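Read through the structure below, which is laid out as C-alpha cells, and then see the notes.
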Amino acid sequence: MKIFLALSALLAFVSVQSFAQNPGLIINSAEVGVGKFHRKDSQIHPKEYAAGNVWVSSIMPVDAGKTSPVVFSTGQNEVSIQFTSLEQLLNTVVKIAQKNKTKIAVLNITGHGMPGGMWFPTDEKQRQAPECADWNQAATAEDQVNYDQYYDPTSKAEIMEMRQISNMPAHHYGCVTGAAGWRSVVATIPNLKSYFTDNAVINFESCIVGLGSVGAEFSETVGSLVLGGSHAMVKTLTNFGLGDWSFGEGMGFWDYFTDEQLDHDNDVYPKNRSDREIAKPGTLRVTYPQNGKWVTKLVADQNYMMIGYPTSPDRIFSNKPRIVPETSVSVGPLNKIIAPFSLRIPGTAIRVQRMN
C-alpha cells in the first residue's frame with residue numbers, strides 16, 4: 001500500500017508539470033574528457049550521431065579543447081557547455097540564462113561518476129591541486145585515450161567496492177565533487193535558484209551517482225541548493241551508465257547481476273564497443289520537493305534516462321514508473337569497516353585515492 005501511495009503521489013506530481021510554463025532552456029554539459037570521448041566516438045560512428053543521437057550535444061567541437069568553458073548552440077533553446085570544474089559550469093549556466101533572458105528548464109550534467117559524486121574538480125583551486133593530476137592528464141590527453149578507457153571492462157571486485165561505499169558515511173576521493181563541493185560552490189553564486197523554472201530538472205548522466213544512502217544525500221543536497229520550484233526534480237542513476245554511439249535515446253544502464261552475465265558482458269564489451277549490446281533495464285533515483293522538504297524515490301524498469309523537457313511523464317520516464325523500496329537496490333553487505341583506500345572511476349583507467 002505504501003508503495004502504491006508513493007507511486008500515485010509521484011505521478012500526480014509529474015502530471016502537474018504538463019501545465020508547465022514556457023519550456024525554457026535545455027543546457028547540456030559535459031566535462032572535457034567526456035567531450036573528447038564523444039568527439040572520437042562520433043568520428044568512428046558518424047552515421048549514428050547524425051541520426052538524431054542525443055550525444056551530439058556532448059561532442060567537443062573540433063577546434064576546441066585547450067581552453068574552457070566551451071559554449072555552443074545545439075538547437076533552438078538548447079546550449080551545450082564543455083567545462084573543467086563545477087564552479088566553472090554553474091557560473092557559465094548563470095551567464096547563459098542572463099544572456100538569453102530565459103530560465104533553465106533542463107540541466108544535463110555528463111561525466112564519470114561514483115556514489116554521491118562525479119569525477120571533476122570542484123573549483124579552479126582544486127583543479128590545480130595534486131589530487132586532480134590524473135583528471136588533468138585525462139582532460140588534456142588525446143581523444144583516443146579517453147575513448148579507449150571508456151570500454152575497459154569492470155570487475156566484480158570494483159563493483160562491490162562501489163556498492164560498499166554507497167551506504168557508508170561519505171568520504172572524499174581525489175578530484176571527486178560531491179555534496180560538500182556543491183555546497184561550497186553554490187554559496188558563491190547569488191540567487192542561483194532564480195535562474196531555473198518552477199519545474200526544472202537536473203539530470204546527472206553519470207554512473208551510480210544516486211546509489212545508496214550517499215547517493216540519496218547527494219541528490220537531495222543538489223535539489224535543495226539549486227532548485228527552488230515546487231515541481232522541480234533531480235534524477236540520478238543507481239546503476240552504471242551507458243552513453244555511446246549505440247544509445248541514441250539517452251543514458252542507458254548496466255550493472256552486475258550474476259557472475260555469468262558479468263563474464264559475458266566483460267568479454268564482448270571491449271571487442272564490440274557497443275553500449276546497447278550489454279544494456280539492462282535500470283533504476284533511477286528521482287528526488288523532488290514535497291511538503292517543504294526534498295524526498296527521494298527509486299523508479300525501476302527504465303530503459304534509459306530521458307533528458308528532454310519535463311512536460312509530461314513520457315518525457316521524464318522511458319517506461320511506466322514503478323516505485324520500489326530502497327532496499328531493492330542490491331548494494332551488498334558491509335563487509336569492511338573502512339572505505340577502500342582507492343577506487344577505479346568507471347569509464348576510465350584511473351584509480352582515485354581516499355583523501356579522508
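Ligands are numbered from 1 in the order shown, chains are lettered A, B, ... in the order of the C-alpha cells, and residues start at 1 in each chain.
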
Next item on the list: Apply DSSP to the structure's backbone, then extract all residues of range 148-295 of chain A labelled strand (DSSP E or B) and return them as an NGL selection string.
Entry: :A and (173 or 176-178 or 196-205 or 233-237 or 240-242 or 251-254 or 282-290 or 293-295)

Notebook entry, point to check: Which neighbours of Thr296 in chain A fall inside 9 Å, counting only C-alpha atoms, when residues of the same chain fewer than 2 positions from it are skipped, and could you give them as number ranges by chain?
Noted result: A: 216, 219-220, 285-289, 294, 298

Let me see the file: selected residues, N, CA, C and O atoms, as a short mmCIF file (atom, residue, chain, number, x, y, z; two decimals), in the first residue's frame.
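File produced: out-v4.cif:
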data_model
loop_
_atom_site.label_atom_id
_atom_site.label_comp_id
_atom_site.auth_asym_id
_atom_site.auth_seq_id
_atom_site.Cartn_x
_atom_site.Cartn_y
_atom_site.Cartn_z
N ALA A 216 21.53 9.16 -2.17
CA ALA A 216 20.31 9.87 -1.77
C ALA A 216 20.65 11.23 -1.18
O ALA A 216 20.01 12.25 -1.50
N SER A 219 21.68 13.65 -3.98
CA SER A 219 20.55 14.09 -4.80
C SER A 219 19.71 15.13 -4.06
O SER A 219 19.30 16.15 -4.65
N GLU A 220 19.45 14.89 -2.79
CA GLU A 220 18.65 15.84 -2.00
C GLU A 220 19.40 17.15 -1.80
O GLU A 220 18.80 18.23 -1.83
N ARG A 285 17.01 7.26 -9.38
CA ARG A 285 16.62 7.93 -8.14
C ARG A 285 16.01 9.27 -8.54
O ARG A 285 16.66 10.09 -9.19
N VAL A 286 14.75 9.45 -8.18
CA VAL A 286 14.02 10.66 -8.51
C VAL A 286 13.78 11.43 -7.21
O VAL A 286 13.18 10.91 -6.27
N THR A 287 14.26 12.66 -7.14
CA THR A 287 14.24 13.45 -5.91
C THR A 287 13.51 14.75 -6.19
O THR A 287 13.80 15.43 -7.18
N TYR A 288 12.56 15.11 -5.32
CA TYR A 288 11.72 16.28 -5.58
C TYR A 288 11.19 16.85 -4.26
O TYR A 288 11.18 16.16 -3.23
N PRO A 289 10.73 18.11 -4.27
CA PRO A 289 10.22 18.72 -3.03
C PRO A 289 8.79 18.26 -2.73
O PRO A 289 7.96 18.15 -3.64
N TRP A 294 12.78 17.92 0.65
CA TRP A 294 13.09 17.09 -0.52
C TRP A 294 12.99 15.62 -0.16
O TRP A 294 13.53 15.19 0.87
N LEU A 298 12.85 5.58 -5.69
CA LEU A 298 13.53 4.79 -6.70
C LEU A 298 12.50 4.32 -7.72
O LEU A 298 11.51 3.68 -7.38
#

Notebook entry, point to check: How many Å lie between CA of Gly347 in chain A and CA of Gly111 in chain A, rounded to one decimal?
Noted result: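 Separation between CA of Gly347 in chain A and CA of Gly111 in chain A: 9.3 Å.
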
Considering only C-alpha atoms, give me a table of residues in range 270-348 of chain A that are at most 12 Å from range 169-178 of chain A, with the closest atom pair and distance in Å for each, as JSON lines.
{"residue": "A:Leu334", "atom": "CA", "partner": "A:Pro169", "partner_atom": "CA", "distance": 11.9}
{"residue": "A:Ile337", "atom": "CA", "partner": "A:Pro169", "partner_atom": "CA", "distance": 10.6}
{"residue": "A:Ile338", "atom": "CA", "partner": "A:Pro169", "partner_atom": "CA", "distance": 10.1}
{"residue": "A:Ala339", "atom": "CA", "partner": "A:His171", "partner_atom": "CA", "distance": 7.8}
{"residue": "A:Pro340", "atom": "CA", "partner": "A:His171", "partner_atom": "CA", "distance": 9.9}
{"residue": "A:Phe341", "atom": "CA", "partner": "A:Tyr173", "partner_atom": "CA", "distance": 8.8}
{"residue": "A:Ser342", "atom": "CA", "partner": "A:Tyr173", "partner_atom": "CA", "distance": 7.7}
{"residue": "A:Leu343", "atom": "CA", "partner": "A:Tyr173", "partner_atom": "CA", "distance": 8.2}
{"residue": "A:Arg344", "atom": "CA", "partner": "A:Tyr173", "partner_atom": "CA", "distance": 10.4}
{"residue": "A:Ile345", "atom": "CA", "partner": "A:Val176", "partner_atom": "CA", "distance": 9.5}

How close does each residue of range 20-127 of chain A get to range 198-215 of chain A, giving the shortest atom pair and distance in Å to one decimal for every residue with an atom at most 12 Å away, counting only C-alpha atoms, sorted by chain and residue number, as CSV?
residue,atom,partner,partner_atom,distance
A:Ala20,CA,A:Asn199,CA,7.0
A:Gln21,CA,A:Asp198,CA,8.0
A:Asn22,CA,A:Asp198,CA,10.2
A:Pro23,CA,A:Asn199,CA,9.0
A:Gly24,CA,A:Ala200,CA,8.8
A:Leu25,CA,A:Ala200,CA,9.6
A:Ile26,CA,A:Val201,CA,9.6
A:Ile27,CA,A:Ile202,CA,9.6
A:Asn28,CA,A:Asn203,CA,9.5
A:Ser29,CA,A:Glu205,CA,9.6
A:Ala30,CA,A:Glu205,CA,9.2
A:Glu31,CA,A:Ser206,CA,11.1
A:Val34,CA,A:Ser206,CA,10.5
A:Val54,CA,A:Glu205,CA,11.8
A:Trp55,CA,A:Glu205,CA,10.9
A:Ser58,CA,A:Glu205,CA,11.1
A:Lys103,CA,A:Ala200,CA,9.0
A:Ile104,CA,A:Ala200,CA,6.7
A:Ala105,CA,A:Ala200,CA,4.3
A:Val106,CA,A:Val201,CA,5.0
A:Leu107,CA,A:Ile202,CA,4.8
A:Asn108,CA,A:Asn203,CA,4.8
A:Ile109,CA,A:Phe204,CA,5.0
A:Thr110,CA,A:Glu205,CA,4.7
A:Gly111,CA,A:Ser206,CA,5.5
A:His112,CA,A:Ser206,CA,5.5
A:Gly113,CA,A:Cys207,CA,4.8
A:Met114,CA,A:Val209,CA,5.2
A:Pro115,CA,A:Val209,CA,4.4
A:Gly116,CA,A:Gly215,CA,4.3
A:Gly117,CA,A:Val209,CA,5.8
A:Met118,CA,A:Val209,CA,7.2
A:Trp119,CA,A:Ser206,CA,9.6
A:Phe120,CA,A:Ser206,CA,11.9

Considering only C-alpha atoms, tabulate each residue of range 172-223 of chain A that lies at most 12 Å from range 97-101 of chain A along with its nearest interatomic pair and the corresponding distance in Å to one decimal; arrange the rows by chain and ascending residue number and present them as a tab-separated table.
residue	atom	partner	partner_atom	distance
A:Leu192	CA	A:Ala97	CA	10.5
A:Lys193	CA	A:Ala97	CA	11.6
A:Ser194	CA	A:Ala97	CA	10.0
A:Tyr195	CA	A:Ala97	CA	6.5
A:Phe196	CA	A:Ala97	CA	8.7
A:Thr197	CA	A:Ala97	CA	10.9

Please tabulate, as CSV, the residues of range 255-345 of chain A that come within 12 Å of range 230-236 of chain A, each with its closest pair of atoms and the distance in Å to one decimal, counting only C-alpha atoms and ordering rows by chain, then residue number upward.
residue,atom,partner,partner_atom,distance
A:Gly282,CA,A:Thr236,CA,11.0
A:Thr283,CA,A:Thr236,CA,9.0
A:Leu284,CA,A:Thr236,CA,5.8
A:Arg285,CA,A:Thr236,CA,5.1
A:Val286,CA,A:Lys235,CA,4.8
A:Thr287,CA,A:Val234,CA,5.1
A:Tyr288,CA,A:Met233,CA,4.7
A:Pro289,CA,A:Ser230,CA,6.3
A:Gln290,CA,A:Ser230,CA,7.9
A:Asn291,CA,A:Ser230,CA,9.4
A:Gly292,CA,A:Ser230,CA,8.9
A:Lys293,CA,A:Ser230,CA,10.2
A:Trp294,CA,A:Met233,CA,9.4
A:Val295,CA,A:Met233,CA,10.0
A:Thr296,CA,A:Val234,CA,9.1
A:Lys297,CA,A:Lys235,CA,9.9
A:Leu298,CA,A:Thr236,CA,9.7
A:Val299,CA,A:Lys235,CA,9.9
A:Tyr304,CA,A:Thr236,CA,11.6
A:Met305,CA,A:Lys235,CA,8.4
A:Met306,CA,A:Lys235,CA,9.6
A:Ile307,CA,A:Lys235,CA,9.7
A:Tyr309,CA,A:Met233,CA,11.8
A:Pro310,CA,A:Met233,CA,9.0
A:Thr311,CA,A:His231,CA,10.7
A:Ser312,CA,A:His231,CA,11.9
A:Ile316,CA,A:Lys235,CA,9.5
A:Phe317,CA,A:Lys235,CA,10.4

Check: In terms of the shortest atom-to-atom distance over only C-alpha atoms, which of A:Pro313, A:Gly229, A:Pro321, A:Pro346 is closest to Trp254 in chain A?
Finding: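 Checking each candidate against Trp254 in chain A, we get A:Pro346 as the closest.
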
Checklist line | Two-atom distance - CA of Val62 in chain A, CA of Lys40 in chain A (Å) | finding: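 Result for CA of Val62 in chain A versus CA of Lys40 in chain A: 10.0 Å, one decimal.
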
Notebook entry, point to check: Which is closest to Thr92 in chain A among A:Ala180, A:Leu242, A:Ala133, A:Val70, if we use only C-alpha atoms?
Noted result: A:Val70

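Coordinates place CA of Ser68 in chain A at a distance of 24.4 Å from CA of Met251 in chain A.
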
Using only C-alpha atoms, what does the table of range 98-197 of chain A residues within 9 Å of range 269-280 of chain A look like, with each row giving the shortest atom pair and its distance in Å to one decimal, sorted by chain and ascending number, as CSV?
residue,atom,partner,partner_atom,distance
A:Asp148,CA,A:Pro270,CA,8.8
A:Tyr151,CA,A:Pro270,CA,5.4
A:Asp152,CA,A:Pro270,CA,6.2
A:Pro153,CA,A:Pro270,CA,6.7

Suppose we keep N, CA, C and O atoms; can you now write the selection as a PDB file, in the first residue's frame?
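The result, written out as result-v9.pdb:
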ATOM      1  N   ASP A 148      39.453   4.933 -25.563  1.00  0.00           N
ATOM      2  CA  ASP A 148      39.839   3.556 -25.229  1.00  0.00           C
ATOM      3  C   ASP A 148      39.511   3.211 -23.776  1.00  0.00           C
ATOM      4  O   ASP A 148      39.066   2.094 -23.480  1.00  0.00           O
ATOM      5  N   TYR A 151      35.911   1.837 -22.649  1.00  0.00           N
ATOM      6  CA  TYR A 151      35.489   0.450 -22.883  1.00  0.00           C
ATOM      7  C   TYR A 151      36.262  -0.568 -22.058  1.00  0.00           C
ATOM      8  O   TYR A 151      36.197  -1.767 -22.329  1.00  0.00           O
ATOM      9  N   ASP A 152      36.997  -0.116 -21.051  1.00  0.00           N
ATOM     10  CA  ASP A 152      37.633  -1.068 -20.141  1.00  0.00           C
ATOM     11  C   ASP A 152      36.566  -1.846 -19.371  1.00  0.00           C
ATOM     12  O   ASP A 152      35.623  -1.252 -18.846  1.00  0.00           O
ATOM     13  N   PRO A 153      36.667  -3.173 -19.283  1.00  0.00           N
ATOM     14  CA  PRO A 153      35.690  -3.941 -18.503  1.00  0.00           C
ATOM     15  C   PRO A 153      35.791  -3.611 -17.020  1.00  0.00           C
ATOM     16  O   PRO A 153      36.852  -3.206 -16.531  1.00  0.00           O
TER      17      PRO A 153
END

Item checked: For Leu90 in chain A: contacts at 9 Å, only C-alpha atoms, fewer than 4 positions along chain excluded, given as a PyMOL selection string -> chain A and resi 85-86+94-95+185-186+189+192

Dump of all heavy atoms for the selected residues, as a compact mmCIF listing (two decimals), in the first residue's frame:
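What follows is the written file selection.txt:
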# COMPACT_ATOMS: atom_id res chain seq x y z
N SER A 85 35.32 22.40 -14.23
CA SER A 85 35.03 22.34 -12.79
C SER A 85 33.57 22.68 -12.56
O SER A 85 32.92 23.30 -13.41
CB SER A 85 35.92 23.32 -12.01
OG SER A 85 35.52 24.67 -12.26
N LEU A 86 33.06 22.30 -11.40
CA LEU A 86 31.68 22.65 -11.05
C LEU A 86 31.52 24.16 -10.97
O LEU A 86 30.51 24.71 -11.43
CB LEU A 86 31.31 22.02 -9.71
CG LEU A 86 29.91 22.36 -9.20
CD1 LEU A 86 28.83 21.83 -10.13
CD2 LEU A 86 29.71 21.84 -7.77
N VAL A 94 24.67 30.37 -15.34
CA VAL A 94 24.05 31.66 -14.98
C VAL A 94 24.22 32.67 -16.12
O VAL A 94 23.28 33.38 -16.49
CB VAL A 94 24.65 32.20 -13.67
CG1 VAL A 94 24.22 33.65 -13.44
CG2 VAL A 94 24.22 31.33 -12.50
N LYS A 95 25.42 32.75 -16.69
CA LYS A 95 25.68 33.69 -17.77
C LYS A 95 24.81 33.39 -19.00
O LYS A 95 24.32 34.31 -19.67
CB LYS A 95 27.16 33.66 -18.15
CG LYS A 95 28.08 34.24 -17.08
CD LYS A 95 29.54 34.13 -17.49
CE LYS A 95 30.45 34.66 -16.39
NZ LYS A 95 31.89 34.52 -16.75
N VAL A 185 30.41 25.70 -3.71
CA VAL A 185 30.31 26.49 -4.94
C VAL A 185 29.00 27.28 -4.98
O VAL A 185 29.00 28.48 -5.31
CB VAL A 185 30.42 25.58 -6.18
CG1 VAL A 185 30.12 26.37 -7.45
CG2 VAL A 185 31.81 24.96 -6.26
N VAL A 186 27.90 26.64 -4.65
CA VAL A 186 26.60 27.33 -4.70
C VAL A 186 26.60 28.54 -3.76
O VAL A 186 25.98 29.56 -4.05
CB VAL A 186 25.45 26.36 -4.38
CG1 VAL A 186 24.12 27.12 -4.22
CG2 VAL A 186 25.32 25.31 -5.48
N ILE A 189 27.46 31.82 -5.49
CA ILE A 189 26.68 32.28 -6.64
C ILE A 189 25.34 32.84 -6.16
O ILE A 189 24.46 32.09 -5.74
CB ILE A 189 26.43 31.13 -7.63
CG1 ILE A 189 27.77 30.52 -8.08
CG2 ILE A 189 25.63 31.62 -8.84
CD1 ILE A 189 27.63 29.31 -8.97
N LEU A 192 21.09 31.67 -7.29
CA LEU A 192 21.18 30.63 -8.31
C LEU A 192 19.81 30.04 -8.64
O LEU A 192 19.49 29.78 -9.81
CB LEU A 192 22.14 29.53 -7.85
CG LEU A 192 22.34 28.36 -8.82
CD1 LEU A 192 22.87 28.85 -10.17
CD2 LEU A 192 23.30 27.32 -8.22

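The smallest atom-to-atom distance between Ile59 in chain A and any of A:Gln88, A:Thr348, A:Thr154, A:Gln43, using only C-alpha atoms, is found for A:Gln43.
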
Next item on the list: Measuring atom to atom with only C-alpha atoms, identify which of A:Thr188, A:Asn356, A:Ser80, A:Thr102 is nearest to Met60 in chain A.
Entry: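 Once distances to Met60 in chain A are computed over only C-alpha atoms, the minimum belongs to A:Ser80.
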
Checklist line | helix (DSSP H, G or I) call set, DSSP backbone run, range 36-149 of chain A, as a PyMOL selection string | finding: chain A and resi 36-44+46-50+54-58+86-100+124-127+130-140+143-149

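The nearest approach to Glu142 in chain A among the residues A:Val32, A:Lys156, A:Leu237, A:Phe218, with only C-alpha atoms taken into account, belongs to A:Val32.
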
Notebook entry, point to check: Got a sec: who's within 10 Å of range 50-52 of chain A, counting only C-alpha atoms, leaving out chain neighbours fewer than 6 positions off, as a list in words?
Noted result: Ser42, Gly248 and Glu249 of chain A
